[in-house]
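The data block below is my_file_38.cif; it holds mmCIF, C-alpha atoms.
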data_final
loop_
_atom_site.label_atom_id
_atom_site.label_comp_id
_atom_site.auth_asym_id
_atom_site.auth_seq_id
_atom_site.Cartn_x
_atom_site.Cartn_y
_atom_site.Cartn_z
CA MET A 1 57.31 100.66 84.65
CA LEU A 2 60.35 102.80 85.24
CA GLU A 3 59.90 105.99 87.24
CA ILE A 4 62.40 108.69 87.96
CA SER A 5 61.64 111.40 90.45
CA ASP A 6 63.53 114.60 91.13
CA LEU A 7 66.86 113.15 90.00
CA GLU A 8 70.03 115.16 90.51
CA CYS A 9 73.46 114.13 89.31
CA VAL A 10 76.70 115.74 90.47
CA ARG A 11 79.98 114.75 88.84
CA GLY A 12 83.30 116.30 89.79
CA GLY A 13 81.62 118.94 91.96
CA ARG A 14 79.42 120.16 89.08
CA SER A 15 75.70 119.57 88.88
CA LEU A 16 74.96 117.97 85.50
CA PHE A 17 71.22 117.96 85.83
CA ARG A 18 68.70 118.34 88.59
CA GLY A 19 65.01 117.96 89.16
CA ARG A 20 64.57 115.42 86.35
CA SER A 21 61.40 113.37 86.61
CA PHE A 22 59.73 111.08 84.12
CA ALA A 23 57.96 107.76 83.92
CA LEU A 24 58.20 105.17 81.17
CA ARG A 25 55.61 102.49 80.61
CA GLY A 26 56.09 99.27 78.67
CA GLY A 27 56.22 99.94 74.94
CA GLU A 28 57.89 103.32 75.23
CA LEU A 29 61.14 104.40 73.69
CA LEU A 30 63.19 107.24 75.15
CA HIS A 31 65.95 109.11 73.38
CA VAL A 32 68.23 110.90 75.85
CA ALA A 33 69.63 113.85 73.95
CA GLY A 34 72.20 116.44 74.89
CA ALA A 35 75.62 117.82 74.08
CA ASN A 36 78.83 116.06 75.09
CA GLY A 37 79.25 116.26 78.84
CA SER A 38 75.59 116.98 79.51
CA GLY A 39 75.26 113.82 81.61
CA LYS A 40 73.70 111.29 79.23
CA THR A 41 76.01 108.46 80.25
CA SER A 42 75.68 109.41 83.91
CA LEU A 43 71.90 109.29 83.58
CA LEU A 44 72.03 105.80 82.07
CA ARG A 45 74.44 104.66 84.78
CA ILE A 46 72.07 106.01 87.43
CA LEU A 47 69.16 104.26 85.75
CA CYS A 48 70.89 100.89 85.84
CA GLY A 49 72.04 101.39 89.42
CA LEU A 50 75.79 101.70 88.85
CA LEU A 51 75.85 105.28 90.05
CA PRO A 52 73.86 106.50 93.04
CA PRO A 53 72.17 109.82 92.29
CA GLN A 54 72.93 112.86 94.42
CA ARG A 55 69.23 113.24 95.04
CA GLY A 56 66.05 111.62 93.89
CA GLU A 57 65.08 108.05 93.24
CA VAL A 58 64.70 105.50 90.47
CA ARG A 59 61.80 103.07 90.87
CA TRP A 60 61.10 99.89 88.93
CA GLN A 61 57.53 98.54 89.15
CA GLY A 62 57.06 100.81 92.16
CA SER A 63 60.05 99.68 94.23
CA PRO A 64 63.28 101.65 94.58
CA ILE A 65 66.06 99.95 92.60
CA ARG A 66 68.47 100.26 95.53
CA ALA A 67 66.29 97.78 97.39
CA LEU A 68 65.83 95.45 94.40
CA ARG A 69 69.53 95.09 93.49
CA GLU A 70 70.02 91.81 91.58
CA GLU A 71 66.28 91.43 91.08
CA TYR A 72 66.39 94.67 89.11
CA SER A 73 69.64 93.85 87.34
CA LYS A 74 68.04 90.74 85.89
CA GLN A 75 65.36 92.93 84.29
CA LEU A 76 67.76 95.07 82.30
CA VAL A 77 70.45 95.02 79.65
CA TYR A 78 72.98 97.83 79.81
CA LEU A 79 75.38 98.28 76.91
CA GLY A 80 77.76 101.05 77.85
CA HIS A 81 80.50 103.00 76.12
CA ALA A 82 83.06 100.38 77.07
CA ALA A 83 82.53 97.33 74.93
CA ALA A 84 83.21 94.77 77.69
CA LEU A 85 84.89 92.60 75.06
CA LYS A 86 87.94 90.56 75.95
CA ASP A 87 90.58 90.75 73.22
CA ASP A 88 91.76 87.22 73.91
CA LEU A 89 88.35 85.61 73.59
CA THR A 90 86.42 84.99 70.39
CA ALA A 91 83.25 86.91 69.62
CA ALA A 92 81.20 83.82 70.46
CA GLU A 93 82.97 83.26 73.78
CA ASN A 94 82.57 86.92 74.67
CA LEU A 95 78.87 86.83 73.94
CA SER A 96 78.29 83.54 75.71
CA ILE A 97 80.13 84.70 78.82
CA ALA A 98 78.39 88.09 78.84
CA CYS A 99 75.06 86.27 78.78
CA ARG A 100 76.09 83.89 81.52
CA ILE A 101 77.23 86.78 83.71
CA ALA A 102 73.76 88.20 83.16
CA GLY A 103 72.40 84.85 84.33
CA LYS A 104 71.29 83.38 81.01
CA GLN A 105 72.71 80.36 79.31
CA PHE A 106 72.45 79.80 75.58
CA ARG A 107 73.36 76.96 73.28
CA PRO A 108 76.28 77.60 70.91
CA SER A 109 73.87 77.53 67.97
CA GLU A 110 71.84 80.39 69.48
CA ILE A 111 75.02 82.40 70.12
CA HIS A 112 76.13 81.91 66.52
CA ARG A 113 72.75 82.89 65.16
CA ALA A 114 72.79 86.11 67.18
CA LEU A 115 76.23 86.94 65.79
CA GLU A 116 75.05 86.12 62.28
CA ILE A 117 72.14 88.54 62.59
CA PHE A 118 74.74 91.27 63.04
CA GLY A 119 77.04 89.85 60.41
CA VAL A 120 80.02 89.29 62.67
CA PRO A 121 82.19 87.42 60.16
CA ASP A 122 83.68 84.33 61.73
CA ALA A 123 82.64 83.63 65.28
CA GLY A 124 85.96 81.88 65.86
CA THR A 125 88.05 85.03 65.38
CA LEU A 126 89.64 86.55 68.46
CA ALA A 127 88.05 89.88 69.33
CA ARG A 128 91.38 91.69 68.98
CA LYS A 129 91.34 90.96 65.26
CA LEU A 130 87.93 92.55 64.73
CA SER A 131 87.57 96.10 63.48
CA GLN A 132 85.97 98.78 65.66
CA GLY A 133 82.63 98.41 63.93
CA GLN A 134 82.74 94.63 64.07
CA ARG A 135 83.46 94.79 67.80
CA ARG A 136 80.42 97.00 68.24
CA ARG A 137 78.35 94.49 66.25
CA ALA A 138 79.58 91.66 68.45
CA VAL A 139 78.47 93.60 71.53
CA LEU A 140 75.08 94.47 70.11
CA ALA A 141 74.47 90.84 69.20
CA ARG A 142 73.50 90.49 72.85
CA LEU A 143 70.31 92.37 72.07
CA ALA A 144 69.23 89.55 69.77
CA LEU A 145 69.40 87.23 72.79
CA SER A 146 67.82 89.69 75.23
CA GLU A 147 64.27 89.74 73.90
CA PRO A 148 62.64 88.64 77.18
CA VAL A 149 64.50 91.30 79.19
CA PRO A 150 62.10 94.21 79.62
CA LEU A 151 64.47 97.17 80.01
CA TRP A 152 67.20 98.06 77.51
CA LEU A 153 69.67 100.84 78.35
CA LEU A 154 71.88 101.58 75.37
CA ASP A 155 74.67 104.14 75.46
CA GLU A 156 75.56 105.20 71.91
CA PRO A 157 74.47 101.88 70.36
CA PHE A 158 74.99 103.12 66.79
CA ALA A 159 78.48 104.54 67.19
CA ALA A 160 80.99 103.06 64.74
CA LEU A 161 78.27 101.04 62.98
CA ASP A 162 77.68 101.13 59.23
CA ALA A 163 74.19 101.73 57.89
CA ALA A 164 73.35 98.05 57.55
CA ALA A 165 74.29 97.14 61.12
CA ALA A 166 72.63 100.28 62.50
CA GLY A 167 69.51 99.22 60.62
CA VAL A 168 69.57 95.79 62.25
CA ALA A 169 70.03 97.35 65.69
CA GLU A 170 67.19 99.80 65.11
CA GLU A 171 64.91 97.03 63.98
CA LEU A 172 65.67 94.99 67.10
CA ILE A 173 64.97 98.01 69.29
CA ALA A 174 61.73 98.78 67.43
CA ARG A 175 60.57 95.18 67.78
CA HIS A 176 61.47 95.17 71.47
CA VAL A 177 59.38 98.29 72.05
CA ALA A 178 56.53 96.90 69.96
CA ARG A 179 56.53 93.81 72.18
CA GLY A 180 55.98 96.05 75.20
CA GLY A 181 59.56 96.50 76.33
CA ILE A 182 61.20 99.75 77.37
CA ALA A 183 64.29 101.05 75.60
CA ILE A 184 66.36 104.09 76.50
CA TYR A 185 69.20 105.15 74.22
CA THR A 186 71.58 107.98 73.55
CA THR A 187 72.92 108.77 70.12
CA HIS A 188 74.41 111.52 68.02
CA GLN A 189 73.49 109.77 64.79
CA GLU A 190 70.32 110.11 62.78
CA ALA A 191 68.16 107.14 63.68
CA ARG A 192 64.94 106.09 62.00
CA ILE A 193 63.43 104.96 65.31
CA GLU A 194 63.74 108.59 66.38
CA ALA A 195 60.24 109.28 65.03
CA SER A 196 58.58 107.02 67.58
CA ALA A 197 60.76 108.06 70.50
CA ARG A 198 60.07 110.41 73.35
CA VAL A 199 62.97 112.79 73.73
CA LEU A 200 64.53 113.87 76.98
CA SER A 201 66.96 116.69 76.41
CA LEU A 202 69.53 117.29 79.10
CA ASP A 203 70.52 120.61 77.50
CA GLY A 204 67.24 122.38 78.06
CA PRO A 205 66.26 124.57 81.01
CA GLN A 206 66.18 122.54 84.17
CA ALA A 207 62.79 121.90 85.63
CA MET B 1 75.17 80.92 91.81
CA ILE B 2 77.62 78.05 91.58
CA GLN B 3 77.18 78.30 87.83
CA ALA B 4 78.16 81.96 87.80
CA LEU B 5 81.17 81.14 89.95
CA ARG B 6 82.23 78.36 87.62
CA CYS B 7 81.72 80.50 84.53
CA LEU B 8 83.88 83.32 85.87
CA VAL B 9 86.67 81.05 87.08
CA TYR B 10 86.62 79.29 83.71
CA ARG B 11 86.77 82.64 81.93
CA ASP B 12 89.76 83.87 83.95
CA LEU B 13 91.64 80.62 83.45
CA LEU B 14 90.88 80.71 79.72
CA LEU B 15 92.13 84.30 79.49
CA ALA B 16 95.30 83.35 81.34
CA LEU B 17 95.81 80.43 78.98
CA ARG B 18 95.46 82.70 75.95
CA ARG B 19 97.90 85.19 77.46
CA ARG B 20 100.38 83.01 79.27
CA SER B 21 103.09 85.63 79.76
CA ASP B 22 100.97 87.54 82.29
CA ALA B 23 100.23 84.44 84.29
CA VAL B 24 103.81 83.24 84.39
CA THR B 25 105.38 86.55 85.44
CA ALA B 26 104.61 86.21 89.14
CA LEU B 27 105.87 82.64 89.25
CA LEU B 28 109.12 83.50 87.46
CA PHE B 29 109.61 86.46 89.79
CA PHE B 30 109.24 84.11 92.76
CA VAL B 31 111.68 81.60 91.31
CA VAL B 32 114.28 84.25 90.52
CA VAL B 33 114.08 86.06 93.87
CA VAL B 34 114.27 82.86 95.89
CA SER B 35 117.20 81.62 93.79
CA LEU B 36 119.14 84.89 94.14
CA PHE B 37 119.50 84.66 97.91
CA PRO B 38 121.78 81.61 98.05
CA LEU B 39 123.97 83.29 95.45
CA GLY B 40 124.15 86.50 97.43
CA VAL B 41 124.49 85.06 100.92
CA GLY B 42 126.98 82.36 100.01
CA PRO B 43 126.88 78.59 100.25
CA GLU B 44 126.79 78.25 104.02
CA PRO B 45 124.19 75.49 104.69
CA ALA B 46 123.54 76.42 108.34
CA LEU B 47 122.80 80.05 107.46
CA LEU B 48 120.69 79.14 104.43
CA ARG B 49 118.59 76.76 106.50
CA ILE B 50 117.87 79.59 108.96
CA ILE B 51 116.86 82.20 106.39
CA ALA B 52 114.96 79.83 104.08
CA PRO B 53 111.42 80.13 105.54
CA GLY B 54 111.60 83.92 105.78
CA VAL B 55 113.03 84.41 102.30
CA ILE B 56 110.56 82.08 100.64
CA TRP B 57 107.60 83.61 102.42
CA VAL B 58 108.65 87.20 101.68
CA ALA B 59 109.19 86.28 98.03
CA ALA B 60 105.71 84.73 97.98
CA LEU B 61 104.19 87.94 99.37
CA LEU B 62 105.93 90.05 96.75
CA ALA B 63 105.05 87.68 93.89
CA CYS B 64 101.43 87.81 94.97
CA MET B 65 101.54 91.63 95.15
CA LEU B 66 102.94 91.77 91.64
CA SER B 67 99.91 90.10 90.11
CA LEU B 68 97.32 91.85 92.28
CA ALA B 69 97.44 95.14 90.39
CA ARG B 70 96.00 93.34 87.36
CA LEU B 71 93.27 91.54 89.28
CA PHE B 72 90.46 93.98 88.47
CA ALA B 73 92.25 96.49 86.22
CA ALA B 74 91.56 94.82 82.86
CA ASP B 75 87.91 94.14 83.66
CA HIS B 76 87.57 97.71 84.86
CA ALA B 77 89.14 99.19 81.74
CA ASP B 78 87.01 97.31 79.21
CA GLY B 79 83.72 97.63 81.06
CA THR B 80 83.35 93.97 82.03
CA LEU B 81 83.33 94.92 85.70
CA GLU B 82 80.22 97.04 85.15
CA GLN B 83 78.53 94.09 83.53
CA MET B 84 79.51 91.94 86.49
CA LEU B 85 77.99 94.46 88.88
CA LEU B 86 74.81 94.26 86.84
CA GLY B 87 74.99 90.49 86.64
CA ALA B 88 72.53 88.01 88.02
CA ALA B 89 74.93 86.74 90.68
CA PRO B 90 75.51 88.77 93.85
CA LEU B 91 78.74 90.74 93.68
CA GLY B 92 80.17 88.67 96.53
CA VAL B 93 80.05 85.57 94.33
CA VAL B 94 81.69 87.40 91.42
CA VAL B 95 84.45 88.59 93.70
CA ALA B 96 84.93 85.13 95.21
CA ALA B 97 85.34 83.74 91.70
CA LYS B 98 87.91 86.38 90.75
CA VAL B 99 89.90 85.69 93.92
CA LEU B 100 89.70 81.94 93.45
CA ALA B 101 90.98 82.28 89.89
CA HIS B 102 93.77 84.57 91.09
CA TRP B 103 94.82 82.01 93.68
CA LEU B 104 94.72 79.15 91.15
CA LEU B 105 96.92 81.19 88.79
CA THR B 106 99.44 82.64 91.25
CA GLY B 107 99.08 81.07 94.72
CA LEU B 108 98.85 77.44 93.73
CA PRO B 109 101.92 77.47 91.43
CA LEU B 110 103.93 79.03 94.28
CA VAL B 111 102.85 76.23 96.62
CA LEU B 112 103.90 73.62 94.07
CA VAL B 113 107.25 75.13 93.18
CA ALA B 114 108.33 76.25 96.68
CA PRO B 115 109.47 72.81 97.93
CA VAL B 116 111.68 72.44 94.87
CA LEU B 117 113.23 75.87 95.39
CA ALA B 118 113.69 75.15 99.08
CA LEU B 119 116.13 72.38 98.15
CA GLN B 120 118.63 75.13 97.35
CA TYR B 121 118.47 76.02 101.03
CA ASP B 122 119.22 72.48 102.17
CA LEU B 123 115.92 72.19 104.06
CA PRO B 124 115.34 68.64 105.31
CA ALA B 125 112.44 66.76 103.73
CA PRO B 126 109.93 67.06 106.60
CA LEU B 127 110.33 70.84 106.56
CA LEU B 128 109.56 70.93 102.85
CA GLY B 129 106.18 69.44 103.66
CA VAL B 130 105.52 71.99 106.41
CA LEU B 131 106.55 74.80 104.06
CA ALA B 132 104.18 73.59 101.35
CA VAL B 133 101.29 73.22 103.79
CA SER B 134 101.88 76.66 105.29
CA LEU B 135 101.90 78.19 101.79
CA LEU B 136 98.81 76.19 100.86
CA ILE B 137 96.89 77.70 103.77
CA GLY B 138 98.55 81.12 103.62
CA THR B 139 98.48 82.07 99.93
CA PRO B 140 94.65 82.15 99.69
CA VAL B 141 94.74 84.72 102.51
CA LEU B 142 97.18 86.77 100.44
CA SER B 143 94.81 86.67 97.47
CA LEU B 144 91.75 87.54 99.58
CA VAL B 145 93.32 90.40 101.51
CA GLY B 146 95.20 91.66 98.47
CA ALA B 147 91.99 91.83 96.46
CA ILE B 148 90.59 94.35 98.96
CA GLY B 149 93.57 96.61 98.21
CA ALA B 150 93.27 95.98 94.47
CA ALA B 151 89.62 96.98 94.56
CA LEU B 152 90.30 100.11 96.62
CA THR B 153 93.13 101.35 94.40
CA LEU B 154 91.25 100.63 91.17
CA GLY B 155 91.60 103.53 88.81
CA ALA B 156 93.85 105.48 91.20
CA ARG B 157 96.99 107.03 89.79
CA GLY B 158 100.13 105.29 91.00
CA GLY B 159 97.88 102.45 92.07
CA GLY B 160 100.71 99.93 92.12
CA ALA B 161 102.80 101.64 94.79
CA LEU B 162 99.70 102.55 96.78
CA LEU B 163 98.58 98.96 96.65
CA ALA B 164 101.87 97.75 98.09
CA LEU B 165 101.72 100.31 100.92
CA LEU B 166 98.16 99.34 101.67
CA VAL B 167 98.41 95.59 101.49
CA LEU B 168 101.90 94.61 102.64
CA PRO B 169 101.29 95.67 106.30
CA LEU B 170 98.15 93.53 106.28
CA TYR B 171 100.24 90.57 105.14
CA VAL B 172 102.39 90.70 108.30
CA PRO B 173 100.37 88.16 110.33
CA VAL B 174 100.42 85.69 107.44
CA LEU B 175 104.17 86.15 107.08
CA VAL B 176 104.82 85.75 110.81
CA PHE B 177 102.80 82.58 111.21
CA GLY B 178 103.69 81.14 107.81
CA ALA B 179 107.43 81.46 108.24
CA GLY B 180 107.00 80.72 111.96
CA SER B 181 105.49 77.32 111.26
CA VAL B 182 108.57 76.21 109.34
CA GLU B 183 110.90 77.67 111.95
CA ALA B 184 108.99 75.88 114.71
CA ALA B 185 109.30 72.60 112.84
CA ALA B 186 113.03 73.25 112.34
CA GLY B 187 113.35 73.73 116.11
CA ALA B 188 111.84 70.28 116.64
CA GLN B 189 108.53 71.74 117.78
CA SER B 190 105.17 70.97 116.29
CA PRO B 191 104.16 73.47 113.58
CA ASP B 192 100.50 72.77 114.32
CA ALA B 193 99.87 75.87 116.43
CA HIS B 194 101.17 78.18 113.69
CA LEU B 195 99.25 76.34 110.99
CA MET B 196 96.06 76.54 113.06
CA VAL B 197 96.44 80.30 113.36
CA LEU B 198 97.01 80.49 109.59
CA ALA B 199 93.85 78.43 109.05
CA ALA B 200 91.96 80.77 111.36
CA LEU B 201 93.23 83.73 109.34
CA LEU B 202 92.04 82.00 106.17
CA ALA B 203 88.60 81.35 107.63
CA ALA B 204 88.26 84.96 108.75
CA ALA B 205 89.49 86.32 105.41
CA ALA B 206 87.25 84.00 103.40
CA GLY B 207 84.25 85.15 105.39
CA LEU B 208 84.91 88.87 105.50
CA ALA B 209 87.02 89.73 102.45
CA PRO B 210 84.38 89.15 99.71
CA TRP B 211 82.11 91.57 101.50
CA ALA B 212 84.87 94.16 101.84
CA ILE B 213 86.01 93.71 98.22
CA SER B 214 82.45 94.17 96.96
CA ALA B 215 82.03 97.36 98.95
CA ALA B 216 85.38 98.67 97.67
CA LEU B 217 84.46 97.86 94.06
CA ARG B 218 81.13 99.65 94.31
CA ILE B 219 82.95 102.76 95.56
CA SER B 220 85.62 102.55 92.84
CA LEU B 221 83.04 102.23 90.07
CA GLU B 222 80.87 105.19 90.97
#

Give the structure from this file in structure tokens form.
Amino acid sequence: MLEISDLECVRGGRSLFRGRSFALRGGELLHVAGANGSGKTSLLRILCGLLPPQRGEVRWQGSPIRALREEYSKQLVYLGHAAALKDDLTAAENLSIACRIAGKQFRPSEIHRALEIFGVPDAGTLARKLSQGQRRRAVLARLALSEPVPLWLLDEPFAALDAAAAGVAEELIARHVARGGIAIYTTHQEARIEASARVLSLDGPQA
Amino acid sequence: MIQALRCLVYRDLLLALRRRSDAVTALLFFVVVVSLFPLGVGPEPALLRIIAPGVIWVAALLACMLSLARLFAADHADGTLEQMLLGAAPLGVVVAAKVLAHWLLTGLPLVLVAPVLALQYDLPAPLLGVLAVSLLIGTPVLSLVGAIGAALTLGARGGGALLALLVLPLYVPVLVFGAGSVEAAAGAQSPDAHLMVLAALLAAAAGLAPWAISAALRISLE
């Protein structure tokens, strides 16, 4: 369970949001909504522990994440704005190394299958030769290998994706939530999973 | 943990192999700078022998500086650094791997090429050995200490110049004892005392720097 209490975020001397509290249980999906600059990315970065909040606390299974550190990191996948793809590595190498940094090792066949699910053309192509959408697909392929990881934090997962790839990503997220995982995402696109999601709007009046 | 270390070192070496020009720049810089001095100072063997240790060591410091700015910058820009912070391995291990890869790519080539370059300075054979050993112990310290500066100046404007101002003063002890060891050996003394001090610097840096680099990275990434 992920709990947030009385969270305040200040960036560049300006308070983006304050007094935010919510709790997510396994099997819940949260859509963080808000205009550009309303603090969606900052919220996700706070939730994964990259950014310390000005005030308030994030707790995972009852313990503050600051105390859990790597124990908490192992429980989450964070796919941020930046793709974390190396231009000089192939899609398969990128994915394999990203997984190993996260502490999981996969066989090449599993890596290739994950890339196939997202239709990344030839796994031997250097990432610099992929189009923007294909790069995004190569990043999202990590989700196909992250099924046992309970918490997914996805910043604009559908950006630059075509309908087919967005559909695959949505299906993976839906299945993850159905299995009892937690997923938190931001998006400006219409998403079919929207219907089952709780919505946290950062635009609204602050509690 | 060892696995994470191996994976990251492998990754950095693979990236360097795919983009060789970046990796070779520092080495070429070192070769050119060291080779320019005999041309500028003139072919006076006695003088060249005296300036050799200092010139080679200063060139090594500068060559190391040159490659430091890129140590974390690329991983920072494309988001890989965030993923490393969220990785399964403690940040200290990640940082140790990055520094080790940096040393393998810049420090080690300097150690290997320095004795060859030193021939231009008419250094006698035993001194070539001392020079190589002093660089072998000293260059990892340069990578470790330099990485602290690289982490602190990450994302700062004019980071390159700032990095030099920050790190070069910290390199002074390494320079003094590194060049000093060769000078001691040239004066028919044992270079052991200098090399021991260098080794002590390496031990201290290896123990403390990963911790300092991690702290600096966490601040830079907020």

Which residues would end up in the selection if the PyMOL selection byres ((chain A) within 12 of (chain B)) were applied here, given that I need the answer as JSON, numbers by chain? {"A": [9, 10, 11, 12, 42, 45, 46, 47, 48, 49, 50, 51, 52, 53, 54, 65, 68, 69, 70, 71, 72, 73, 74, 75, 76, 77, 78, 79, 80, 81, 82, 83, 84, 85, 86, 87, 88, 89, 90, 93, 94, 95, 96, 97, 98, 99, 100, 101, 102, 103, 104, 105, 126, 139, 153]}

Please enumerate the residues selected by the PyMOL selection byres ((chain B and resi 168-170) around 10) when evaluated against the supplied file, formatted as a PyMOL selection string. chain B and resi 61-62+65+142+145-146+149+163-167+171-175

Got a sec: who's within 9 Å of Arg135 in chain A, counting all atoms listed in the file, leaving out chain neighbours fewer than 4 positions off, as a ChimeraX atom specification? /A:83,85,91,120,127-128,130-131,139-140

Mind giving me the straight-line distance from CA of Leu105 in chain B to CA of Ala23 in chain B in Å, one decimal? 6.5 Å

If you count all atoms listed in the file, which residues fall within 9 Å of Thr25 in chain B, apart from same-chain ones fewer than 6 positions away, as a PyMOL selection string? chain B and resi 63+66-67

Next, the residues of the selection above should be written as a PDB file, in the coordinates of the input with C-alpha atoms.
ATOM      1  CA  ALA B  63     105.050  87.680  93.890  1.00  0.00           C
ATOM      2  CA  LEU B  66     102.940  91.770  91.640  1.00  0.00           C
ATOM      3  CA  SER B  67      99.910  90.100  90.110  1.00  0.00           C
TER       4      SER B  67
END

Nearest to Val32 in chain B: which of B:Ala114, B:Val99, B:Leu127, B:Leu48 is it, counting all atoms listed in the file? B:Ala114

Once the PyMOL selection byres ((chain A and resi 16) around 12) has been evaluated on this model, what residues remain selected, and can you format them as a VMD selection string? chain A and resid 7 to 15 17 to 20 34 to 43 53 to 54 202 to 206

What gap, in Å, lies between CA of Leu135 in chain B and CA of Ala69 in chain B? 20.9 Å

Shortest interatomic distance to Gln61 in chain A - which of A:Leu161, A:Leu115, A:Leu2, A:Ala92, counting only C-alpha atoms: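 Among the listed residues, A:Leu2 lies closest to Gln61 in chain A.
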
Best match for closeness to Gly181 in chain A among A:Leu24, A:Leu151, A:Leu44, A:Ala114, counting all atoms listed in the file: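 Checking each candidate against Gly181 in chain A, we get A:Leu151 as the closest.
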
Give me, please, the distance in Å between CA of Val197 in chain B and CA of Leu144 in chain B, quoted to one decimal.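 Pair CA of Val197 in chain B / CA of Leu144 in chain B returns 16.3 Å.
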
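Of the residues listed (B:Leu136, B:Leu117, B:Ile51, B:Leu100), B:Leu117 shows the shortest atom-to-atom separation from Ser35 in chain B; distances use only C-alpha atoms.
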
Which residues come within 10 Å of Gly167 in chain A, counting only C-alpha atoms, excluding same-chain residues fewer than 5 positions away, as an mmCIF file with C-alpha atoms, in the coordinates of the input?
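Generated file (part30.cif):
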data_model
loop_
_atom_site.group_PDB
_atom_site.id
_atom_site.type_symbol
_atom_site.label_atom_id
_atom_site.label_comp_id
_atom_site.auth_asym_id
_atom_site.auth_seq_id
_atom_site.Cartn_x
_atom_site.Cartn_y
_atom_site.Cartn_z
ATOM 1 C CA PHE A 118 74.740 91.270 63.040
ATOM 2 C CA PHE A 158 74.990 103.120 66.790
ATOM 3 C CA LEU A 161 78.270 101.040 62.980
ATOM 4 C CA ASP A 162 77.680 101.130 59.230
ATOM 5 C CA LEU A 172 65.670 94.990 67.100
ATOM 6 C CA ILE A 173 64.970 98.010 69.290
ATOM 7 C CA ALA A 191 68.160 107.140 63.680
ATOM 8 C CA ARG A 192 64.940 106.090 62.000
ATOM 9 C CA ILE A 193 63.430 104.960 65.310
#

Range 82-98 of chain B: axis-aligned bounding box, 4 Å on each side, centre and edge lengths in Å, one decimal, as JSON:
{"center_x": 80.2, "center_y": 90.4, "center_z": 90.0, "size_x": 23.4, "size_y": 21.3, "size_z": 21.0}

Pop range 84-97 of chain B out of the structure in the block and write N, CA and C atoms as a PDB file, in the first residue's frame.
ATOM      1  N   MET B  84      19.500   4.770 -12.368  1.00  0.00           N
ATOM      2  CA  MET B  84      20.543   4.206 -11.513  1.00  0.00           C
ATOM      3  C   MET B  84      20.261   4.496 -10.044  1.00  0.00           C
ATOM      4  N   LEU B  85      19.753   5.704  -9.777  1.00  0.00           N
ATOM      5  CA  LEU B  85      19.406   6.051  -8.399  1.00  0.00           C
ATOM      6  C   LEU B  85      18.303   5.155  -7.883  1.00  0.00           C
ATOM      7  N   LEU B  86      17.429   4.729  -8.802  1.00  0.00           N
ATOM      8  CA  LEU B  86      16.314   3.865  -8.404  1.00  0.00           C
ATOM      9  C   LEU B  86      16.676   2.390  -8.544  1.00  0.00           C
ATOM     10  N   GLY B  87      17.929   2.122  -8.867  1.00  0.00           N
ATOM     11  CA  GLY B  87      18.338   0.748  -9.119  1.00  0.00           C
ATOM     12  C   GLY B  87      18.412  -0.081  -7.853  1.00  0.00           C
ATOM     13  N   ALA B  88      18.651  -1.369  -8.065  1.00  0.00           N
ATOM     14  CA  ALA B  88      18.696  -2.289  -6.939  1.00  0.00           C
ATOM     15  C   ALA B  88      19.993  -2.150  -6.156  1.00  0.00           C
ATOM     16  N   ALA B  89      21.061  -1.711  -6.844  1.00  0.00           N
ATOM     17  CA  ALA B  89      22.351  -1.604  -6.170  1.00  0.00           C
ATOM     18  C   ALA B  89      22.436  -0.260  -5.448  1.00  0.00           C
ATOM     19  N   PRO B  90      23.108  -0.233  -4.286  1.00  0.00           N
ATOM     20  CA  PRO B  90      23.306   1.047  -3.597  1.00  0.00           C
ATOM     21  C   PRO B  90      24.052   2.024  -4.515  1.00  0.00           C
ATOM     22  N   LEU B  91      23.773   3.298  -4.358  1.00  0.00           N
ATOM     23  CA  LEU B  91      24.356   4.289  -5.256  1.00  0.00           C
ATOM     24  C   LEU B  91      25.890   4.255  -5.197  1.00  0.00           C
ATOM     25  N   GLY B  92      26.431   3.936  -4.026  1.00  0.00           N
ATOM     26  CA  GLY B  92      27.883   3.856  -3.900  1.00  0.00           C
ATOM     27  C   GLY B  92      28.490   2.867  -4.883  1.00  0.00           C
ATOM     28  N   VAL B  93      27.807   1.751  -5.110  1.00  0.00           N
ATOM     29  CA  VAL B  93      28.309   0.738  -6.038  1.00  0.00           C
ATOM     30  C   VAL B  93      28.236   1.259  -7.472  1.00  0.00           C
ATOM     31  N   VAL B  94      27.118   1.925  -7.802  1.00  0.00           N
ATOM     32  CA  VAL B  94      26.947   2.501  -9.135  1.00  0.00           C
ATOM     33  C   VAL B  94      28.089   3.474  -9.423  1.00  0.00           C
ATOM     34  N   VAL B  95      28.339   4.328  -8.440  1.00  0.00           N
ATOM     35  CA  VAL B  95      29.355   5.350  -8.579  1.00  0.00           C
ATOM     36  C   VAL B  95      30.744   4.713  -8.711  1.00  0.00           C
ATOM     37  N   ALA B  96      30.992   3.695  -7.919  1.00  0.00           N
ATOM     38  CA  ALA B  96      32.282   3.001  -7.999  1.00  0.00           C
ATOM     39  C   ALA B  96      32.468   2.421  -9.395  1.00  0.00           C
ATOM     40  N   ALA B  97      31.397   1.886  -9.962  1.00  0.00           N
ATOM     41  CA  ALA B  97      31.489   1.310 -11.307  1.00  0.00           C
ATOM     42  C   ALA B  97      31.788   2.388 -12.334  1.00  0.00           C
TER      43      ALA B  97
END
